[in-house]
Amino acid sequence: MRRFLSSRRDDTTSDPATRSLSVADVESDFVEAVYNKIAVIDDWLFGATLHPGRLEAIRKLDLQPGDEVLEVGVGTGINAALYPSNVAVTGIDVAEKMLEKAARRLAAHKVRNVRLLQMDAAHLDFADDSFDLVYAPYVISVVPDPVAVAREMRRVCRPGGRFVFLNHFLSPNRFVARAERLISPLTVYVGFKADLDLPAFLAQADLEPVSIQRVNVPRIWSLVTCTKD
């Protein structure tokens, strides 16, 4: 697999509905290969730094007994112990090595309400309206087609349910944004695009969030909550 630089417009002044989401394009086999390689160090790279956002997300999800949850991009299962035991969680990931590490983590923590499946987030093997809540922590800037993943998340979410994205997005500060554009072709090699454009993503996925909350320190990550009406 090769990683390409997009030739599409990468400015933030053009129409969000048509502009590029990122200067970096990746394909599924590249993403899978990257995450299989970094599975052994993923928690070290992104564990403690991003954990406050995970905790805030779990609070924001407002999980109720009996809720059925889909976690998109379960990775090493770092969220598994955060879920209350009275909800049923399905965690999917495309990277086999990540799932192997997640399975070991679940066993070590005696977590029994989380099942793991290998699956492409852009092609979910679930029926429409399958889950009360669909949650994508730190994954939407990883996938080749964020819009396709968002549409799949909405599809499998039940009417009245919520689908939630926890992620870093392109800074609204143009100078910071320019730097993020410059480094994004490099950050894909450690598992994420540094410049995913939030307004463009929302416009192209036809999403209208009910809330956008900044999390972590520094507050350059966002918790974006949508509902399926």
# chains A, B, ... in the order shown; residues from 1 in each chain; ligands from 1

$ select_by_dssp --residues "region 13-148 of chain A" --states "alpha helix (DSSP H)" --output "PyMOL selection string"
chain A and resi 28-38+42-61+96-108+146-148

$ write_last_selection --atoms "C-alpha atoms" --output "mmCIF file, in the first residue's frame"
data_model
loop_
_atom_site.group_PDB
_atom_site.id
_atom_site.type_symbol
_atom_site.label_atom_id
_atom_site.label_comp_id
_atom_site.auth_asym_id
_atom_site.auth_seq_id
_atom_site.Cartn_x
_atom_site.Cartn_y
_atom_site.Cartn_z
ATOM 1 C CA SER A 28 -7.468 0.469 4.247
ATOM 2 C CA ASP A 29 -4.510 -1.879 3.948
ATOM 3 C CA PHE A 30 -2.143 0.946 4.946
ATOM 4 C CA VAL A 31 -4.195 1.734 8.060
ATOM 5 C CA GLU A 32 -4.383 -1.938 9.029
ATOM 6 C CA ALA A 33 -0.627 -2.356 8.557
ATOM 7 C CA VAL A 34 0.177 0.737 10.634
ATOM 8 C CA TYR A 35 -1.993 -0.353 13.537
ATOM 9 C CA ASN A 36 -0.741 -3.913 13.451
ATOM 10 C CA LYS A 37 2.788 -2.487 13.745
ATOM 11 C CA ILE A 38 2.081 -0.046 16.569
ATOM 12 C CA ASP A 42 -0.179 2.171 21.124
ATOM 13 C CA ASP A 43 -1.037 2.514 24.813
ATOM 14 C CA TRP A 44 2.323 4.124 25.470
ATOM 15 C CA LEU A 45 1.857 6.579 22.594
ATOM 16 C CA PHE A 46 -1.756 7.549 23.198
ATOM 17 C CA GLY A 47 -2.796 6.056 26.539
ATOM 18 C CA ALA A 48 -2.300 8.531 29.396
ATOM 19 C CA THR A 49 -2.279 11.639 27.188
ATOM 20 C CA LEU A 50 -5.735 10.998 25.754
ATOM 21 C CA HIS A 51 -7.306 9.308 28.779
ATOM 22 C CA PRO A 52 -9.090 12.391 30.219
ATOM 23 C CA GLY A 53 -11.030 12.610 26.956
ATOM 24 C CA ARG A 54 -12.030 8.960 27.245
ATOM 25 C CA LEU A 55 -13.321 9.522 30.778
ATOM 26 C CA GLU A 56 -15.262 12.614 29.748
ATOM 27 C CA ALA A 57 -16.725 10.738 26.780
ATOM 28 C CA ILE A 58 -18.002 7.916 28.992
ATOM 29 C CA ARG A 59 -19.674 10.494 31.249
ATOM 30 C CA LYS A 60 -21.150 12.255 28.234
ATOM 31 C CA LEU A 61 -22.498 9.011 26.793
ATOM 32 C CA GLU A 96 -5.851 -8.140 14.089
ATOM 33 C CA LYS A 97 -2.920 -7.337 16.400
ATOM 34 C CA MET A 98 -4.950 -4.653 18.139
ATOM 35 C CA LEU A 99 -7.787 -7.093 18.732
ATOM 36 C CA GLU A 100 -5.392 -9.698 20.104
ATOM 37 C CA LYS A 101 -4.098 -7.173 22.631
ATOM 38 C CA ALA A 102 -7.666 -6.112 23.448
ATOM 39 C CA ALA A 103 -8.643 -9.728 24.113
ATOM 40 C CA ARG A 104 -5.743 -10.100 26.555
ATOM 41 C CA ARG A 105 -6.764 -6.886 28.298
ATOM 42 C CA LEU A 106 -10.383 -8.017 28.648
ATOM 43 C CA ALA A 107 -9.272 -11.330 30.101
ATOM 44 C CA ALA A 108 -6.867 -9.674 32.546
ATOM 45 C CA PRO A 146 -14.423 9.378 7.406
ATOM 46 C CA VAL A 147 -17.707 10.251 5.685
ATOM 47 C CA ALA A 148 -18.459 6.607 4.853
#

$ closest_residue --among "A:Val23, A:Leu82, A:Met153, A:Ala122" --to "Leu70 (chain A)" --atoms "only C-alpha atoms"
A:Met153

$ closest_residue --among "A:Ser130, A:Asn167, A:Thr90, A:Ser141" --to "Gly191 (chain A)" --atoms "only C-alpha atoms"
A:Ser141

$ residues_around --residues "Arg214 (chain A)" --least-positions-apart "6" --cutoff "10 Å" --atoms "only C-alpha atoms" --output "list in words"
Gly53, Glu56, Leu166, Asn167, His168, Ile220, Trp221, Ser222, Leu223 and Val224 of chain A

$ write_last_selection --atoms "N, CA, C and O atoms" --output "PDB file, in the first residue's frame"
ATOM      1  N   GLY A  53      -9.963  12.547  27.950  1.00  0.00           N
ATOM      2  CA  GLY A  53     -11.030  12.610  26.956  1.00  0.00           C
ATOM      3  C   GLY A  53     -11.888  11.366  26.964  1.00  0.00           C
ATOM      4  O   GLY A  53     -13.112  11.445  26.781  1.00  0.00           O
ATOM      5  N   GLU A  56     -14.203  11.636  29.992  1.00  0.00           N
ATOM      6  CA  GLU A  56     -15.262  12.614  29.748  1.00  0.00           C
ATOM      7  C   GLU A  56     -16.288  12.065  28.765  1.00  0.00           C
ATOM      8  O   GLU A  56     -17.493  12.297  28.908  1.00  0.00           O
ATOM      9  N   LEU A 166     -14.996  11.148  19.132  1.00  0.00           N
ATOM     10  CA  LEU A 166     -13.985  11.776  19.979  1.00  0.00           C
ATOM     11  C   LEU A 166     -12.712  11.838  19.153  1.00  0.00           C
ATOM     12  O   LEU A 166     -12.163  10.793  18.768  1.00  0.00           O
ATOM     13  N   ASN A 167     -12.232  13.058  18.862  1.00  0.00           N
ATOM     14  CA  ASN A 167     -11.141  13.144  17.896  1.00  0.00           C
ATOM     15  C   ASN A 167     -10.461  14.506  17.905  1.00  0.00           C
ATOM     16  O   ASN A 167     -11.020  15.494  18.383  1.00  0.00           O
ATOM     17  N   HIS A 168      -9.258  14.530  17.355  1.00  0.00           N
ATOM     18  CA  HIS A 168      -8.584  15.787  17.052  1.00  0.00           C
ATOM     19  C   HIS A 168      -9.000  16.233  15.654  1.00  0.00           C
ATOM     20  O   HIS A 168      -9.054  15.426  14.725  1.00  0.00           O
ATOM     21  N   ILE A 220      -7.364  20.433  22.426  1.00  0.00           N
ATOM     22  CA  ILE A 220      -7.333  20.412  20.962  1.00  0.00           C
ATOM     23  C   ILE A 220      -8.029  19.169  20.409  1.00  0.00           C
ATOM     24  O   ILE A 220      -7.917  18.866  19.227  1.00  0.00           O
ATOM     25  N   TRP A 221      -8.735  18.467  21.281  1.00  0.00           N
ATOM     26  CA  TRP A 221      -9.563  17.339  20.876  1.00  0.00           C
ATOM     27  C   TRP A 221     -11.027  17.700  21.122  1.00  0.00           C
ATOM     28  O   TRP A 221     -11.335  18.487  22.022  1.00  0.00           O
ATOM     29  N   SER A 222     -11.908  17.129  20.350  1.00  0.00           N
ATOM     30  CA  SER A 222     -13.336  17.464  20.450  1.00  0.00           C
ATOM     31  C   SER A 222     -14.183  16.223  20.606  1.00  0.00           C
ATOM     32  O   SER A 222     -13.914  15.181  19.991  1.00  0.00           O
ATOM     33  N   LEU A 223     -15.218  16.350  21.426  1.00  0.00           N
ATOM     34  CA  LEU A 223     -16.225  15.313  21.607  1.00  0.00           C
ATOM     35  C   LEU A 223     -17.483  15.803  20.902  1.00  0.00           C
ATOM     36  O   LEU A 223     -18.134  16.752  21.325  1.00  0.00           O
ATOM     37  N   VAL A 224     -17.796  15.164  19.764  1.00  0.00           N
ATOM     38  CA  VAL A 224     -18.887  15.591  18.902  1.00  0.00           C
ATOM     39  C   VAL A 224     -20.037  14.607  19.024  1.00  0.00           C
ATOM     40  O   VAL A 224     -19.896  13.422  18.696  1.00  0.00           O
TER      41      VAL A 224
END

$ closest_residue --among "A:Pro199, A:Pro172, A:Pro137, A:Pro65" --to "Asp93 (chain A)" --atoms "only C-alpha atoms"
A:Pro137

$ closest_residue --among "A:Val156, A:Ala17, A:Leu186, A:Ala80" --to "Leu116 (chain A)" --atoms "only C-alpha atoms"
A:Ala80

$ closest_residue --among "A:Ala203, A:Ala194, A:Val114, A:Val142" --to "Glu71 (chain A)" --atoms "only C-alpha atoms"
A:Val114

$ closest_residue --among "A:Lys110, A:Arg219, A:Arg178, A:Lys228" --to "Phe163 (chain A)" --atoms "only C-alpha atoms"
A:Lys228

$ decode --residues "region 209-221 of chain A" --atoms "all heavy atoms" --output "PDB file, in the first residue's frame"
ATOM      1  N   PRO A 209     -24.439  18.290  14.750  1.00  0.00           N
ATOM      2  CA  PRO A 209     -24.195  17.871  16.137  1.00  0.00           C
ATOM      3  C   PRO A 209     -25.116  18.582  17.125  1.00  0.00           C
ATOM      4  O   PRO A 209     -25.472  19.752  16.925  1.00  0.00           O
ATOM      5  CB  PRO A 209     -22.735  18.275  16.379  1.00  0.00           C
ATOM      6  CG  PRO A 209     -22.150  18.461  15.028  1.00  0.00           C
ATOM      7  CD  PRO A 209     -23.262  18.916  14.139  1.00  0.00           C
ATOM      8  N   VAL A 210     -25.459  17.868  18.184  1.00  0.00           N
ATOM      9  CA  VAL A 210     -26.208  18.510  19.259  1.00  0.00           C
ATOM     10  C   VAL A 210     -25.246  19.180  20.231  1.00  0.00           C
ATOM     11  O   VAL A 210     -25.637  20.068  20.994  1.00  0.00           O
ATOM     12  CB  VAL A 210     -27.113  17.503  19.996  1.00  0.00           C
ATOM     13  CG1 VAL A 210     -28.197  16.992  19.073  1.00  0.00           C
ATOM     14  CG2 VAL A 210     -26.310  16.348  20.586  1.00  0.00           C
ATOM     15  N   SER A 211     -23.969  18.740  20.221  1.00  0.00           N
ATOM     16  CA  SER A 211     -22.965  19.396  21.061  1.00  0.00           C
ATOM     17  C   SER A 211     -21.571  19.087  20.532  1.00  0.00           C
ATOM     18  O   SER A 211     -21.328  18.034  19.931  1.00  0.00           O
ATOM     19  CB  SER A 211     -23.079  18.941  22.519  1.00  0.00           C
ATOM     20  OG  SER A 211     -22.723  17.575  22.651  1.00  0.00           O
ATOM     21  N   ILE A 212     -20.667  20.047  20.734  1.00  0.00           N
ATOM     22  CA  ILE A 212     -19.243  19.859  20.458  1.00  0.00           C
ATOM     23  C   ILE A 212     -18.493  20.372  21.680  1.00  0.00           C
ATOM     24  O   ILE A 212     -18.586  21.552  22.023  1.00  0.00           O
ATOM     25  CB  ILE A 212     -18.783  20.618  19.200  1.00  0.00           C
ATOM     26  CG1 ILE A 212     -19.552  20.141  17.969  1.00  0.00           C
ATOM     27  CG2 ILE A 212     -17.278  20.433  18.990  1.00  0.00           C
ATOM     28  CD1 ILE A 212     -19.213  20.900  16.694  1.00  0.00           C
ATOM     29  N   GLN A 213     -17.788  19.478  22.350  1.00  0.00           N
ATOM     30  CA  GLN A 213     -17.117  19.820  23.608  1.00  0.00           C
ATOM     31  C   GLN A 213     -15.625  19.567  23.478  1.00  0.00           C
ATOM     32  O   GLN A 213     -15.201  18.511  23.026  1.00  0.00           O
ATOM     33  CB  GLN A 213     -17.702  18.965  24.742  1.00  0.00           C
ATOM     34  CG  GLN A 213     -17.031  19.165  26.091  1.00  0.00           C
ATOM     35  CD  GLN A 213     -17.608  18.224  27.141  1.00  0.00           C
ATOM     36  OE1 GLN A 213     -18.637  17.580  26.931  1.00  0.00           O
ATOM     37  NE2 GLN A 213     -16.934  18.128  28.268  1.00  0.00           N
ATOM     38  N   ARG A 214     -14.806  20.534  23.867  1.00  0.00           N
ATOM     39  CA  ARG A 214     -13.360  20.364  23.857  1.00  0.00           C
ATOM     40  C   ARG A 214     -12.933  19.557  25.082  1.00  0.00           C
ATOM     41  O   ARG A 214     -13.421  19.809  26.199  1.00  0.00           O
ATOM     42  CB  ARG A 214     -12.658  21.723  23.848  1.00  0.00           C
ATOM     43  CG  ARG A 214     -12.855  22.530  22.561  1.00  0.00           C
ATOM     44  CD  ARG A 214     -12.240  21.808  21.370  1.00  0.00           C
ATOM     45  NE  ARG A 214     -12.320  22.594  20.153  1.00  0.00           N
ATOM     46  CZ  ARG A 214     -11.329  23.363  19.700  1.00  0.00           C
ATOM     47  NH1 ARG A 214     -10.201  23.459  20.388  1.00  0.00           N
ATOM     48  NH2 ARG A 214     -11.470  24.030  18.577  1.00  0.00           N
ATOM     49  N   VAL A 215     -11.987  18.628  24.871  1.00  0.00           N
ATOM     50  CA  VAL A 215     -11.530  17.763  25.960  1.00  0.00           C
ATOM     51  C   VAL A 215     -10.014  17.635  25.913  1.00  0.00           C
ATOM     52  O   VAL A 215      -9.352  18.047  24.960  1.00  0.00           O
ATOM     53  CB  VAL A 215     -12.174  16.359  25.879  1.00  0.00           C
ATOM     54  CG1 VAL A 215     -13.678  16.442  26.074  1.00  0.00           C
ATOM     55  CG2 VAL A 215     -11.844  15.678  24.552  1.00  0.00           C
ATOM     56  N   ASN A 216      -9.463  17.018  26.952  1.00  0.00           N
ATOM     57  CA  ASN A 216      -8.030  16.800  27.138  1.00  0.00           C
ATOM     58  C   ASN A 216      -7.306  18.125  27.385  1.00  0.00           C
ATOM     59  O   ASN A 216      -7.880  19.200  27.332  1.00  0.00           O
ATOM     60  CB  ASN A 216      -7.405  16.064  25.944  1.00  0.00           C
ATOM     61  CG  ASN A 216      -7.872  14.624  25.834  1.00  0.00           C
ATOM     62  OD1 ASN A 216      -8.054  13.949  26.836  1.00  0.00           O
ATOM     63  ND2 ASN A 216      -8.081  14.150  24.619  1.00  0.00           N
ATOM     64  N   VAL A 217      -6.023  18.009  27.699  1.00  0.00           N
ATOM     65  CA  VAL A 217      -5.159  19.176  27.906  1.00  0.00           C
ATOM     66  C   VAL A 217      -3.909  18.996  27.066  1.00  0.00           C
ATOM     67  O   VAL A 217      -3.197  17.994  27.239  1.00  0.00           O
ATOM     68  CB  VAL A 217      -4.784  19.332  29.393  1.00  0.00           C
ATOM     69  CG1 VAL A 217      -3.850  20.525  29.572  1.00  0.00           C
ATOM     70  CG2 VAL A 217      -6.035  19.510  30.255  1.00  0.00           C
ATOM     71  N   PRO A 218      -3.630  19.898  26.123  1.00  0.00           N
ATOM     72  CA  PRO A 218      -4.421  21.070  25.778  1.00  0.00           C
ATOM     73  C   PRO A 218      -5.734  20.664  25.105  1.00  0.00           C
ATOM     74  O   PRO A 218      -5.845  19.551  24.586  1.00  0.00           O
ATOM     75  CB  PRO A 218      -3.518  21.829  24.806  1.00  0.00           C
ATOM     76  CG  PRO A 218      -2.683  20.759  24.175  1.00  0.00           C
ATOM     77  CD  PRO A 218      -2.444  19.751  25.253  1.00  0.00           C
ATOM     78  N   ARG A 219      -6.690  21.561  25.078  1.00  0.00           N
ATOM     79  CA  ARG A 219      -8.031  21.230  24.576  1.00  0.00           C
ATOM     80  C   ARG A 219      -8.087  21.346  23.056  1.00  0.00           C
ATOM     81  O   ARG A 219      -8.774  22.205  22.490  1.00  0.00           O
ATOM     82  CB  ARG A 219      -9.078  22.111  25.256  1.00  0.00           C
ATOM     83  CG  ARG A 219      -9.206  21.800  26.738  1.00  0.00           C
ATOM     84  CD  ARG A 219     -10.425  22.428  27.362  1.00  0.00           C
ATOM     85  NE  ARG A 219     -10.549  22.061  28.758  1.00  0.00           N
ATOM     86  CZ  ARG A 219     -11.078  20.937  29.219  1.00  0.00           C
ATOM     87  NH1 ARG A 219     -11.550  20.046  28.359  1.00  0.00           N
ATOM     88  NH2 ARG A 219     -11.148  20.676  30.502  1.00  0.00           N
ATOM     89  N   ILE A 220      -7.364  20.433  22.426  1.00  0.00           N
ATOM     90  CA  ILE A 220      -7.333  20.412  20.962  1.00  0.00           C
ATOM     91  C   ILE A 220      -8.029  19.169  20.409  1.00  0.00           C
ATOM     92  O   ILE A 220      -7.917  18.866  19.227  1.00  0.00           O
ATOM     93  CB  ILE A 220      -5.882  20.497  20.434  1.00  0.00           C
ATOM     94  CG1 ILE A 220      -5.031  19.345  20.996  1.00  0.00           C
ATOM     95  CG2 ILE A 220      -5.268  21.849  20.777  1.00  0.00           C
ATOM     96  CD1 ILE A 220      -3.635  19.269  20.401  1.00  0.00           C
ATOM     97  N   TRP A 221      -8.735  18.467  21.281  1.00  0.00           N
ATOM     98  CA  TRP A 221      -9.563  17.339  20.876  1.00  0.00           C
ATOM     99  C   TRP A 221     -11.027  17.700  21.122  1.00  0.00           C
ATOM    100  O   TRP A 221     -11.335  18.487  22.022  1.00  0.00           O
ATOM    101  CB  TRP A 221      -9.209  16.080  21.667  1.00  0.00           C
ATOM    102  CG  TRP A 221      -7.902  15.469  21.266  1.00  0.00           C
ATOM    103  CD1 TRP A 221      -7.690  14.450  20.383  1.00  0.00           C
ATOM    104  CD2 TRP A 221      -6.603  15.826  21.765  1.00  0.00           C
ATOM    105  NE1 TRP A 221      -6.344  14.156  20.288  1.00  0.00           N
ATOM    106  CE2 TRP A 221      -5.657  14.987  21.117  1.00  0.00           C
ATOM    107  CE3 TRP A 221      -6.139  16.778  22.673  1.00  0.00           C
ATOM    108  CZ2 TRP A 221      -4.286  15.074  21.372  1.00  0.00           C
ATOM    109  CZ3 TRP A 221      -4.792  16.866  22.917  1.00  0.00           C
ATOM    110  CH2 TRP A 221      -3.881  16.025  22.270  1.00  0.00           C
TER     111      TRP A 221
END
